[in-house]
file model.cif (mmCIF, N, CA and C atoms)
data_final
#
loop_
_atom_site.label_atom_id
_atom_site.label_comp_id
_atom_site.auth_asym_id
_atom_site.auth_seq_id
_atom_site.Cartn_x
_atom_site.Cartn_y
_atom_site.Cartn_z
N GLU F 1 -9.87 -43.72 -1.87
CA GLU F 1 -10.05 -42.44 -1.24
C GLU F 1 -8.81 -42.03 -0.44
N THR F 2 -8.10 -43.00 0.12
CA THR F 2 -6.91 -42.66 0.89
C THR F 2 -5.77 -43.60 0.51
N GLN F 3 -4.56 -43.17 0.72
CA GLN F 3 -3.37 -44.00 0.58
C GLN F 3 -2.70 -44.01 1.94
N PHE F 4 -2.84 -45.10 2.69
CA PHE F 4 -2.32 -45.22 4.05
C PHE F 4 -2.80 -44.06 4.92
N GLY F 5 -4.04 -43.64 4.74
CA GLY F 5 -4.63 -42.62 5.59
C GLY F 5 -4.58 -41.22 5.03
N MET F 6 -3.71 -40.96 4.04
CA MET F 6 -3.64 -39.62 3.46
C MET F 6 -4.90 -39.39 2.62
N ILE F 7 -5.56 -38.30 2.87
CA ILE F 7 -6.76 -37.95 2.11
C ILE F 7 -6.32 -37.41 0.75
N LEU F 8 -6.90 -37.93 -0.32
CA LEU F 8 -6.57 -37.43 -1.65
C LEU F 8 -7.04 -35.99 -1.79
N PRO F 9 -6.24 -35.13 -2.42
CA PRO F 9 -6.62 -33.71 -2.56
C PRO F 9 -8.01 -33.51 -3.18
N THR F 10 -8.43 -34.40 -4.05
CA THR F 10 -9.76 -34.27 -4.65
C THR F 10 -10.88 -34.60 -3.66
N LYS F 11 -10.51 -35.13 -2.50
CA LYS F 11 -11.50 -35.51 -1.48
C LYS F 11 -11.44 -34.60 -0.24
N PHE F 12 -10.57 -33.56 -0.28
CA PHE F 12 -10.51 -32.63 0.85
C PHE F 12 -11.88 -32.02 1.09
N HIS F 13 -12.19 -31.77 2.34
CA HIS F 13 -13.45 -31.11 2.68
C HIS F 13 -13.29 -30.42 4.03
N ILE F 14 -14.19 -29.53 4.31
CA ILE F 14 -14.24 -28.86 5.60
C ILE F 14 -15.52 -29.33 6.28
N THR F 15 -15.39 -29.99 7.42
CA THR F 15 -16.56 -30.43 8.17
C THR F 15 -17.14 -29.21 8.88
N LEU F 16 -18.41 -28.94 8.61
CA LEU F 16 -19.07 -27.80 9.21
C LEU F 16 -19.88 -28.18 10.45
N LEU F 17 -20.59 -29.29 10.36
CA LEU F 17 -21.43 -29.75 11.46
C LEU F 17 -21.44 -31.27 11.48
N THR F 18 -21.65 -31.83 12.65
CA THR F 18 -21.95 -33.25 12.76
C THR F 18 -23.42 -33.34 13.18
N LEU F 19 -24.22 -33.95 12.30
CA LEU F 19 -25.65 -34.04 12.52
C LEU F 19 -26.06 -35.48 12.76
N TYR F 20 -27.07 -35.69 13.57
CA TYR F 20 -27.65 -37.01 13.78
C TYR F 20 -28.97 -37.05 13.04
N ILE F 21 -28.97 -37.75 11.91
CA ILE F 21 -30.14 -37.83 11.02
C ILE F 21 -30.66 -39.25 11.10
N ASP F 22 -31.95 -39.39 11.43
CA ASP F 22 -32.50 -40.71 11.75
C ASP F 22 -33.07 -41.49 10.57
N SER F 23 -33.19 -40.86 9.39
CA SER F 23 -33.78 -41.59 8.27
C SER F 23 -33.43 -40.91 6.95
N ASN F 24 -33.63 -41.65 5.86
CA ASN F 24 -33.44 -41.07 4.53
C ASN F 24 -34.44 -39.96 4.27
N ASP F 25 -35.64 -40.11 4.81
CA ASP F 25 -36.66 -39.06 4.65
C ASP F 25 -36.20 -37.75 5.28
N THR F 26 -35.64 -37.83 6.48
CA THR F 26 -35.12 -36.63 7.14
C THR F 26 -33.97 -36.04 6.34
N LEU F 27 -33.10 -36.89 5.82
CA LEU F 27 -31.98 -36.42 5.00
C LEU F 27 -32.50 -35.70 3.76
N ASN F 28 -33.51 -36.26 3.11
CA ASN F 28 -34.08 -35.62 1.93
C ASN F 28 -34.71 -34.27 2.27
N ARG F 29 -35.41 -34.20 3.39
CA ARG F 29 -36.02 -32.92 3.81
C ARG F 29 -34.95 -31.89 4.14
N LEU F 30 -33.85 -32.33 4.74
CA LEU F 30 -32.74 -31.42 5.03
C LEU F 30 -32.13 -30.89 3.73
N PHE F 31 -31.95 -31.75 2.76
CA PHE F 31 -31.41 -31.33 1.46
C PHE F 31 -32.31 -30.27 0.83
N ILE F 32 -33.62 -30.48 0.85
CA ILE F 32 -34.58 -29.51 0.30
C ILE F 32 -34.49 -28.19 1.06
N LEU F 33 -34.38 -28.27 2.37
CA LEU F 33 -34.28 -27.07 3.19
C LEU F 33 -33.02 -26.28 2.85
N LEU F 34 -31.89 -26.96 2.73
CA LEU F 34 -30.64 -26.27 2.42
C LEU F 34 -30.66 -25.68 1.01
N LYS F 35 -31.31 -26.36 0.08
CA LYS F 35 -31.48 -25.79 -1.27
C LYS F 35 -32.30 -24.50 -1.21
N LYS F 36 -33.31 -24.48 -0.34
CA LYS F 36 -34.16 -23.29 -0.18
C LYS F 36 -33.33 -22.09 0.27
N TYR F 37 -32.36 -22.32 1.13
CA TYR F 37 -31.53 -21.25 1.68
C TYR F 37 -30.15 -21.15 1.00
N GLN F 38 -30.01 -21.78 -0.15
CA GLN F 38 -28.72 -21.86 -0.82
C GLN F 38 -28.05 -20.50 -1.02
N ASP F 39 -28.77 -19.51 -1.51
CA ASP F 39 -28.16 -18.20 -1.74
C ASP F 39 -27.67 -17.57 -0.44
N LYS F 40 -28.45 -17.73 0.62
CA LYS F 40 -28.06 -17.18 1.92
C LYS F 40 -26.82 -17.89 2.46
N ILE F 41 -26.73 -19.18 2.25
CA ILE F 41 -25.60 -19.98 2.73
C ILE F 41 -24.34 -19.67 1.92
N LEU F 42 -24.47 -19.60 0.62
CA LEU F 42 -23.29 -19.42 -0.25
C LEU F 42 -22.58 -18.09 -0.04
N LYS F 43 -23.27 -17.09 0.48
CA LYS F 43 -22.62 -15.80 0.66
C LYS F 43 -21.50 -15.86 1.71
N TYR F 44 -21.50 -16.89 2.55
CA TYR F 44 -20.47 -17.03 3.58
C TYR F 44 -19.21 -17.76 3.09
N ILE F 45 -19.29 -18.41 1.94
CA ILE F 45 -18.18 -19.22 1.46
C ILE F 45 -17.20 -18.35 0.70
N PRO F 46 -15.95 -18.28 1.15
CA PRO F 46 -14.95 -17.42 0.48
C PRO F 46 -14.55 -18.00 -0.88
N HIS F 47 -14.10 -17.11 -1.77
CA HIS F 47 -13.66 -17.54 -3.10
C HIS F 47 -12.26 -18.12 -3.08
N THR F 48 -11.47 -17.72 -2.12
CA THR F 48 -10.13 -18.29 -1.94
C THR F 48 -10.04 -18.80 -0.51
N LEU F 49 -9.12 -19.72 -0.30
CA LEU F 49 -8.99 -20.35 1.01
C LEU F 49 -7.53 -20.30 1.44
N ASN F 50 -7.30 -19.77 2.62
CA ASN F 50 -5.96 -19.72 3.19
C ASN F 50 -5.89 -20.69 4.36
N ILE F 51 -4.83 -21.50 4.37
CA ILE F 51 -4.66 -22.47 5.45
C ILE F 51 -3.35 -22.17 6.18
N GLU F 52 -3.28 -22.64 7.44
CA GLU F 52 -2.08 -22.41 8.23
C GLU F 52 -1.91 -23.51 9.26
N GLY F 53 -0.68 -23.92 9.45
CA GLY F 53 -0.33 -24.83 10.52
C GLY F 53 -0.86 -26.23 10.37
N LEU F 54 -0.44 -27.07 11.30
CA LEU F 54 -0.88 -28.46 11.39
C LEU F 54 -1.28 -28.74 12.82
N GLY F 55 -2.22 -29.65 12.98
CA GLY F 55 -2.61 -30.10 14.29
C GLY F 55 -3.06 -31.54 14.20
N GLU F 56 -3.41 -32.11 15.33
CA GLU F 56 -3.82 -33.52 15.35
C GLU F 56 -4.87 -33.76 16.42
N PHE F 57 -5.64 -34.83 16.21
CA PHE F 57 -6.62 -35.32 17.18
C PHE F 57 -6.28 -36.78 17.48
N ASN F 58 -6.71 -37.25 18.62
CA ASN F 58 -6.68 -38.68 18.95
C ASN F 58 -5.33 -39.34 18.69
N ASP F 59 -4.28 -38.83 19.33
CA ASP F 59 -2.94 -39.41 19.19
C ASP F 59 -2.52 -39.54 17.74
N CYS F 60 -2.74 -38.49 16.99
CA CYS F 60 -2.33 -38.40 15.57
C CYS F 60 -3.11 -39.33 14.64
N SER F 61 -4.26 -39.84 15.06
CA SER F 61 -5.06 -40.63 14.13
C SER F 61 -5.76 -39.72 13.13
N VAL F 62 -5.83 -38.42 13.43
CA VAL F 62 -6.32 -37.42 12.49
C VAL F 62 -5.34 -36.26 12.50
N VAL F 63 -4.88 -35.85 11.31
CA VAL F 63 -4.00 -34.70 11.16
C VAL F 63 -4.72 -33.69 10.29
N TRP F 64 -4.66 -32.41 10.68
CA TRP F 64 -5.42 -31.38 9.99
C TRP F 64 -4.58 -30.12 9.80
N SER F 65 -5.06 -29.28 8.88
CA SER F 65 -4.47 -27.96 8.67
C SER F 65 -5.57 -26.94 8.91
N GLY F 66 -5.27 -25.89 9.65
CA GLY F 66 -6.28 -24.91 10.03
C GLY F 66 -6.59 -23.90 8.93
N ILE F 67 -7.77 -23.36 8.99
CA ILE F 67 -8.20 -22.29 8.08
C ILE F 67 -7.82 -20.97 8.74
N SER F 68 -7.11 -20.12 8.02
CA SER F 68 -6.65 -18.86 8.60
C SER F 68 -7.65 -17.73 8.35
N GLN F 69 -7.45 -16.62 9.04
CA GLN F 69 -8.29 -15.44 8.85
C GLN F 69 -8.00 -14.84 7.49
N PRO F 70 -8.93 -14.19 6.82
CA PRO F 70 -10.30 -13.94 7.27
C PRO F 70 -11.24 -15.10 7.01
N ASN F 71 -10.74 -16.17 6.37
CA ASN F 71 -11.60 -17.30 6.04
C ASN F 71 -12.24 -17.94 7.26
N ARG F 72 -11.51 -17.98 8.37
CA ARG F 72 -12.02 -18.61 9.59
C ARG F 72 -13.33 -17.96 10.02
N GLU F 73 -13.38 -16.64 9.98
CA GLU F 73 -14.58 -15.92 10.39
C GLU F 73 -15.75 -16.22 9.45
N HIS F 74 -15.48 -16.33 8.15
CA HIS F 74 -16.54 -16.66 7.18
C HIS F 74 -17.16 -18.02 7.51
N PHE F 75 -16.31 -19.00 7.80
CA PHE F 75 -16.82 -20.34 8.10
C PHE F 75 -17.54 -20.38 9.45
N THR F 76 -17.08 -19.62 10.40
CA THR F 76 -17.77 -19.54 11.70
C THR F 76 -19.17 -18.96 11.51
N GLN F 77 -19.28 -17.92 10.69
CA GLN F 77 -20.59 -17.33 10.40
C GLN F 77 -21.48 -18.32 9.64
N LEU F 78 -20.88 -19.07 8.72
CA LEU F 78 -21.63 -20.08 7.98
C LEU F 78 -22.20 -21.14 8.91
N VAL F 79 -21.38 -21.64 9.83
CA VAL F 79 -21.84 -22.66 10.78
C VAL F 79 -22.97 -22.10 11.64
N ASP F 80 -22.84 -20.87 12.11
CA ASP F 80 -23.91 -20.25 12.91
C ASP F 80 -25.20 -20.16 12.10
N GLU F 81 -25.10 -19.79 10.84
CA GLU F 81 -26.28 -19.69 9.98
C GLU F 81 -26.92 -21.05 9.76
N LEU F 82 -26.11 -22.08 9.51
CA LEU F 82 -26.65 -23.43 9.32
C LEU F 82 -27.36 -23.92 10.59
N LYS F 83 -26.75 -23.68 11.75
CA LYS F 83 -27.39 -24.07 13.01
C LYS F 83 -28.73 -23.37 13.18
N ASN F 84 -28.78 -22.08 12.87
CA ASN F 84 -30.04 -21.34 12.99
C ASN F 84 -31.12 -21.90 12.08
N ILE F 85 -30.75 -22.20 10.84
CA ILE F 85 -31.71 -22.75 9.88
C ILE F 85 -32.24 -24.10 10.37
N ILE F 86 -31.34 -24.98 10.78
CA ILE F 86 -31.75 -26.32 11.22
C ILE F 86 -32.56 -26.24 12.50
N ASP F 87 -32.10 -25.44 13.47
CA ASP F 87 -32.84 -25.31 14.74
C ASP F 87 -34.25 -24.76 14.52
N ARG F 88 -34.39 -23.83 13.59
CA ARG F 88 -35.68 -23.21 13.34
C ARG F 88 -36.62 -24.12 12.55
N ASP F 89 -36.11 -24.76 11.48
CA ASP F 89 -36.98 -25.48 10.57
C ASP F 89 -37.01 -26.99 10.76
N MET F 90 -35.99 -27.55 11.40
CA MET F 90 -35.95 -28.99 11.63
C MET F 90 -35.35 -29.26 13.02
N PRO F 91 -35.99 -28.78 14.08
CA PRO F 91 -35.40 -28.86 15.42
C PRO F 91 -35.20 -30.29 15.94
N TYR F 92 -35.78 -31.27 15.29
CA TYR F 92 -35.62 -32.67 15.72
C TYR F 92 -34.29 -33.26 15.23
N ILE F 93 -33.57 -32.55 14.37
CA ILE F 93 -32.22 -32.99 13.99
C ILE F 93 -31.26 -32.55 15.08
N LEU F 94 -30.54 -33.51 15.62
CA LEU F 94 -29.58 -33.19 16.69
C LEU F 94 -28.25 -32.76 16.08
N ILE F 95 -27.71 -31.69 16.61
CA ILE F 95 -26.41 -31.17 16.20
C ILE F 95 -25.42 -31.49 17.31
N ASP F 96 -24.34 -32.18 16.97
CA ASP F 96 -23.32 -32.53 17.96
C ASP F 96 -22.51 -31.28 18.28
N GLU F 97 -22.64 -30.83 19.51
CA GLU F 97 -21.87 -29.66 19.95
C GLU F 97 -21.01 -30.02 21.16
N ALA F 98 -20.71 -31.31 21.30
CA ALA F 98 -19.93 -31.77 22.44
C ALA F 98 -18.49 -31.26 22.38
N ARG F 99 -17.97 -31.15 21.16
CA ARG F 99 -16.60 -30.66 20.99
C ARG F 99 -16.65 -29.29 20.33
N GLU F 100 -15.71 -28.45 20.72
CA GLU F 100 -15.64 -27.13 20.11
C GLU F 100 -15.25 -27.28 18.64
N TRP F 101 -15.97 -26.62 17.75
CA TRP F 101 -15.69 -26.69 16.32
C TRP F 101 -14.75 -25.57 15.92
N PHE F 102 -13.85 -25.88 15.03
CA PHE F 102 -13.04 -24.85 14.39
C PHE F 102 -12.77 -25.30 12.96
N PRO F 103 -12.73 -24.35 12.03
CA PRO F 103 -12.58 -24.73 10.63
C PRO F 103 -11.20 -25.31 10.34
N HIS F 104 -11.19 -26.48 9.69
CA HIS F 104 -9.94 -27.16 9.34
C HIS F 104 -10.18 -28.11 8.18
N ILE F 105 -9.10 -28.48 7.52
CA ILE F 105 -9.14 -29.47 6.46
C ILE F 105 -8.41 -30.71 6.98
N THR F 106 -9.08 -31.85 6.95
CA THR F 106 -8.46 -33.10 7.36
C THR F 106 -7.57 -33.58 6.23
N ILE F 107 -6.29 -33.82 6.53
CA ILE F 107 -5.37 -34.28 5.50
C ILE F 107 -4.91 -35.73 5.73
N TYR F 108 -5.16 -36.25 6.93
CA TYR F 108 -4.81 -37.63 7.23
C TYR F 108 -5.81 -38.15 8.25
N LYS F 109 -6.32 -39.36 8.00
CA LYS F 109 -7.26 -39.97 8.94
C LYS F 109 -6.97 -41.46 8.98
N GLN F 110 -6.66 -41.95 10.16
CA GLN F 110 -6.30 -43.35 10.31
C GLN F 110 -7.50 -44.12 10.85
N SER F 111 -8.05 -45.00 10.04
CA SER F 111 -9.14 -45.86 10.47
C SER F 111 -8.55 -47.22 10.87
N TYR F 112 -9.39 -48.10 11.35
CA TYR F 112 -8.93 -49.44 11.71
C TYR F 112 -8.33 -50.14 10.49
N ASN F 113 -8.99 -50.02 9.32
CA ASN F 113 -8.48 -50.65 8.10
C ASN F 113 -7.13 -50.08 7.71
N ILE F 114 -6.96 -48.77 7.88
CA ILE F 114 -5.68 -48.14 7.57
C ILE F 114 -4.60 -48.67 8.51
N LYS F 115 -4.92 -48.80 9.80
CA LYS F 115 -3.95 -49.33 10.75
C LYS F 115 -3.47 -50.71 10.33
N LYS F 116 -4.41 -51.56 9.87
CA LYS F 116 -4.05 -52.90 9.41
C LYS F 116 -3.16 -52.83 8.17
N LYS F 117 -3.48 -51.93 7.22
CA LYS F 117 -2.67 -51.79 6.01
C LYS F 117 -1.25 -51.31 6.35
N VAL F 118 -1.15 -50.36 7.25
CA VAL F 118 0.16 -49.84 7.64
C VAL F 118 0.97 -50.94 8.33
N ALA F 119 0.35 -51.69 9.23
CA ALA F 119 1.04 -52.77 9.92
C ALA F 119 1.53 -53.82 8.92
N LYS F 120 0.70 -54.17 7.94
CA LYS F 120 1.08 -55.13 6.91
C LYS F 120 2.23 -54.59 6.08
N PHE F 121 2.17 -53.33 5.69
CA PHE F 121 3.23 -52.69 4.90
C PHE F 121 4.55 -52.71 5.65
N ILE F 122 4.51 -52.38 6.94
CA ILE F 122 5.72 -52.37 7.76
C ILE F 122 6.31 -53.78 7.85
N LYS F 123 5.45 -54.77 8.08
CA LYS F 123 5.92 -56.16 8.20
C LYS F 123 6.51 -56.64 6.87
N GLU F 124 5.79 -56.41 5.77
CA GLU F 124 6.24 -56.89 4.45
C GLU F 124 7.54 -56.23 4.02
N ASN F 125 7.77 -55.02 4.43
CA ASN F 125 8.96 -54.29 4.03
C ASN F 125 10.04 -54.26 5.11
N GLU F 126 9.83 -55.05 6.14
CA GLU F 126 10.80 -55.21 7.22
C GLU F 126 11.26 -53.85 7.75
N LEU F 127 10.31 -52.97 8.04
CA LEU F 127 10.61 -51.62 8.50
C LEU F 127 10.60 -51.50 10.02
N GLN F 128 10.10 -52.51 10.71
CA GLN F 128 10.02 -52.43 12.16
C GLN F 128 11.36 -52.78 12.77
N ASP F 129 11.76 -51.98 13.75
CA ASP F 129 13.01 -52.25 14.47
C ASP F 129 12.83 -53.51 15.31
N ALA F 130 13.89 -54.27 15.42
CA ALA F 130 13.86 -55.46 16.27
C ALA F 130 13.76 -55.03 17.73
N PRO F 131 13.02 -55.79 18.54
CA PRO F 131 12.90 -55.41 19.97
C PRO F 131 14.19 -55.56 20.73
#
call {"tool": "encode", "arguments": {"input": "model.cif", "output": "structure tokens"}}
result
Amino acid sequence: ETQFGMILPTKFHITLLTLYIDSNDTLNRLFILLKKYQDKILKYIPHTLNIEGLGEFNDCSVVWSGISQPNREHFTQLVDELKNIIDRDMPYILIDEAREWFPHITIYKQSYNIKKKVAKFIKENELQDAP
């Protein structure tokens, strides 16, 4: 899925919500609910996607590219619609709203395993400067 943290283009995605789902049964019910509202949800998804700029989270452990207008507004409306559907029909699903959401594509994500691979690569290829 990644090469030293770089997300493969076939795996790019836009995170819309972070949900806390307590069981497979709840996940299945959520899937059925979203299928029920599929036409309403799909109207917010643009046919083309424009991106702009780069940013990072957590000391560059995540690097992202932002979604530009008018696409940004479409995704903001989509997230609002998804929240309304979930709050109304499955209010026991918790939606993480601790951090402000903005539409972006993650292009690099460094996990603990990636950090180990990078450290090994640097050591094996003698890329680290001597102290």
call {"tool": "resolve_selection", "arguments": {"input": "model.cif", "expression": "the PyMOL selection byres ((chain F and resi 105) around 5)", "output": "PDB file with N, CA and C atoms, in the frame of the given file"}}
result
ATOM      1  N   HIS F  13     -12.190 -31.770   2.340  1.00  0.00           N
ATOM      2  CA  HIS F  13     -13.450 -31.110   2.680  1.00  0.00           C
ATOM      3  C   HIS F  13     -13.290 -30.420   4.030  1.00  0.00           C
ATOM      4  N   TRP F  64      -4.660 -32.410  10.680  1.00  0.00           N
ATOM      5  CA  TRP F  64      -5.420 -31.380   9.990  1.00  0.00           C
ATOM      6  C   TRP F  64      -4.580 -30.120   9.800  1.00  0.00           C
ATOM      7  N   SER F  65      -5.060 -29.280   8.880  1.00  0.00           N
ATOM      8  CA  SER F  65      -4.470 -27.960   8.670  1.00  0.00           C
ATOM      9  C   SER F  65      -5.570 -26.940   8.910  1.00  0.00           C
ATOM     10  N   PRO F 103     -12.730 -24.350  12.030  1.00  0.00           N
ATOM     11  CA  PRO F 103     -12.580 -24.730  10.630  1.00  0.00           C
ATOM     12  C   PRO F 103     -11.200 -25.310  10.340  1.00  0.00           C
ATOM     13  N   HIS F 104     -11.190 -26.480   9.690  1.00  0.00           N
ATOM     14  CA  HIS F 104      -9.940 -27.160   9.340  1.00  0.00           C
ATOM     15  C   HIS F 104     -10.180 -28.110   8.180  1.00  0.00           C
ATOM     16  N   THR F 106      -9.080 -31.850   6.950  1.00  0.00           N
ATOM     17  CA  THR F 106      -8.460 -33.100   7.360  1.00  0.00           C
ATOM     18  C   THR F 106      -7.570 -33.580   6.230  1.00  0.00           C
ATOM     19  N   ILE F 107      -6.290 -33.820   6.530  1.00  0.00           N
ATOM     20  CA  ILE F 107      -5.370 -34.280   5.500  1.00  0.00           C
ATOM     21  C   ILE F 107      -4.910 -35.730   5.730  1.00  0.00           C
TER      22      ILE F 107
END
call {"tool": "closest_residue", "arguments": {"input": "model.cif", "among": "F:Gly55, F:Lys120, F:Thr26, F:Tyr108", "to": "Leu8 in chain F", "atoms": "only N, CA and C atoms"}}
result
F:Tyr108
call {"tool": "residues_around", "arguments": {"input": "model.cif", "residues": "Leu27 in chain F", "least_positions_apart": "6", "cutoff": "12 Å", "atoms": "only C-alpha atoms", "output": "list in words"}}
result
Leu19, Tyr20, Ile21, Leu33, Leu34, Ile86, Met90, Tyr92 and Ile93 of chain F
call {"tool": "atom_distance", "arguments": {"input": "model.cif", "atom1": "CA of Val63 in chain F", "atom2": "CA of Gly5 in chain F"}}
result
9.7 Å
call {"tool": "resolve_selection", "arguments": {"input": "model.cif", "expression": "the PyMOL selection byres ((chain F and resi 17) around 7)", "output": "PyMOL selection string"}}
result
chain F and resi 14-16+18-19+79+95-96
call {"tool": "write_last_selection", "arguments": {"input": "model.cif", "atoms": "N, CA and C atoms", "output": "tab-separated table (two decimals), in the frame of the given file"}}
result
chain	number	residue	atom	x	y	z
F	14	ILE	N	-14.19	-29.53	4.31
F	14	ILE	CA	-14.24	-28.86	5.60
F	14	ILE	C	-15.52	-29.33	6.28
F	15	THR	N	-15.39	-29.99	7.42
F	15	THR	CA	-16.56	-30.43	8.17
F	15	THR	C	-17.14	-29.21	8.88
F	16	LEU	N	-18.41	-28.94	8.61
F	16	LEU	CA	-19.07	-27.80	9.21
F	16	LEU	C	-19.88	-28.18	10.45
F	18	THR	N	-21.65	-31.83	12.65
F	18	THR	CA	-21.95	-33.25	12.76
F	18	THR	C	-23.42	-33.34	13.18
F	19	LEU	N	-24.22	-33.95	12.30
F	19	LEU	CA	-25.65	-34.04	12.52
F	19	LEU	C	-26.06	-35.48	12.76
F	79	VAL	N	-21.38	-21.64	9.83
F	79	VAL	CA	-21.84	-22.66	10.78
F	79	VAL	C	-22.97	-22.10	11.64
F	95	ILE	N	-27.71	-31.69	16.61
F	95	ILE	CA	-26.41	-31.17	16.20
F	95	ILE	C	-25.42	-31.49	17.31
F	96	ASP	N	-24.34	-32.18	16.97
F	96	ASP	CA	-23.32	-32.53	17.96
F	96	ASP	C	-22.51	-31.28	18.28
call {"tool": "select_by_dssp", "arguments": {"input": "model.cif", "residues": "range 44-128 of chain F", "states": "strand (DSSP E)", "output": "list of chain:residue names"}}
result
F:Ile51, F:Glu52, F:Gly53, F:Leu54, F:Gly55, F:Glu56, F:Phe57, F:Val62, F:Val63, F:Trp64, F:Ser65, F:Gly66, F:Ile67, F:Leu94, F:Ile95, F:His104, F:Ile105, F:Thr106, F:Ile107, F:Tyr108, F:Lys109
call {"tool": "select_by_dssp", "arguments": {"input": "model.cif", "residues": "range 2-125 of chain F", "states": "alpha helix (DSSP H)", "output": "ChimeraX atom specification"}}
result
/F:24-36,38-42,71-89,112-124
call {"tool": "residues_around", "arguments": {"input": "model.cif", "residues": "Leu78 in chain F", "least_positions_apart": "3", "cutoff": "7 Å", "atoms": "only N, CA and C atoms", "output": "PDB file with N, CA and C atoms, keeping the file's coordinate frame"}}
result
ATOM      1  N   ILE F  41     -26.730 -19.180   2.250  1.00  0.00           N
ATOM      2  CA  ILE F  41     -25.600 -19.980   2.730  1.00  0.00           C
ATOM      3  C   ILE F  41     -24.340 -19.670   1.920  1.00  0.00           C
ATOM      4  N   TYR F  44     -21.500 -16.890   2.550  1.00  0.00           N
ATOM      5  CA  TYR F  44     -20.470 -17.030   3.580  1.00  0.00           C
ATOM      6  C   TYR F  44     -19.210 -17.760   3.090  1.00  0.00           C
ATOM      7  N   ILE F  45     -19.290 -18.410   1.940  1.00  0.00           N
ATOM      8  CA  ILE F  45     -18.180 -19.220   1.460  1.00  0.00           C
ATOM      9  C   ILE F  45     -17.200 -18.350   0.700  1.00  0.00           C
ATOM     10  N   GLU F  73     -13.380 -16.640   9.980  1.00  0.00           N
ATOM     11  CA  GLU F  73     -14.580 -15.920  10.390  1.00  0.00           C
ATOM     12  C   GLU F  73     -15.750 -16.220   9.450  1.00  0.00           C
ATOM     13  N   HIS F  74     -15.480 -16.330   8.150  1.00  0.00           N
ATOM     14  CA  HIS F  74     -16.540 -16.660   7.180  1.00  0.00           C
ATOM     15  C   HIS F  74     -17.160 -18.020   7.510  1.00  0.00           C
ATOM     16  N   PHE F  75     -16.310 -19.000   7.800  1.00  0.00           N
ATOM     17  CA  PHE F  75     -16.820 -20.340   8.100  1.00  0.00           C
ATOM     18  C   PHE F  75     -17.540 -20.380   9.450  1.00  0.00           C
ATOM     19  N   GLU F  81     -25.100 -19.790  10.840  1.00  0.00           N
ATOM     20  CA  GLU F  81     -26.280 -19.690   9.980  1.00  0.00           C
ATOM     21  C   GLU F  81     -26.920 -21.050   9.760  1.00  0.00           C
ATOM     22  N   LEU F  82     -26.110 -22.080   9.510  1.00  0.00           N
ATOM     23  CA  LEU F  82     -26.650 -23.430   9.320  1.00  0.00           C
ATOM     24  C   LEU F  82     -27.360 -23.920  10.590  1.00  0.00           C
ATOM     25  N   LYS F  83     -26.750 -23.680  11.750  1.00  0.00           N
ATOM     26  CA  LYS F  83     -27.390 -24.070  13.010  1.00  0.00           C
ATOM     27  C   LYS F  83     -28.730 -23.370  13.180  1.00  0.00           C
TER      28      LYS F  83
END
call {"tool": "atom_distance", "arguments": {"input": "model.cif", "atom1": "atom C of Asp89 in chain F", "atom2": "atom N of Leu30 in chain F"}}
result
8.6 Å
call {"tool": "resolve_selection", "arguments": {"input": "model.cif", "expression": "the PyMOL selection byres ((chain F and resi 61) around 8)", "output": "count of residues only"}}
result
12
call {"tool": "atom_distance", "arguments": {"input": "model.cif", "atom1": "CA of Pro70 in chain F", "atom2": "CA of Glu52 in chain F"}}
result
11.8 Å
call {"tool": "residues_near_point", "arguments": {"input": "model.cif", "point": "(-2.4, -17.9, 6.8)", "cutoff": "12 Å", "atoms": "only C-alpha atoms", "output": "list in words"}}
result
Thr48, Leu49, Asn50, Ile51, Glu52, Gly53, Leu54, Ser65, Gly66, Ile67, Ser68, Gln69, Pro70, Asn71 and Arg72 of chain F
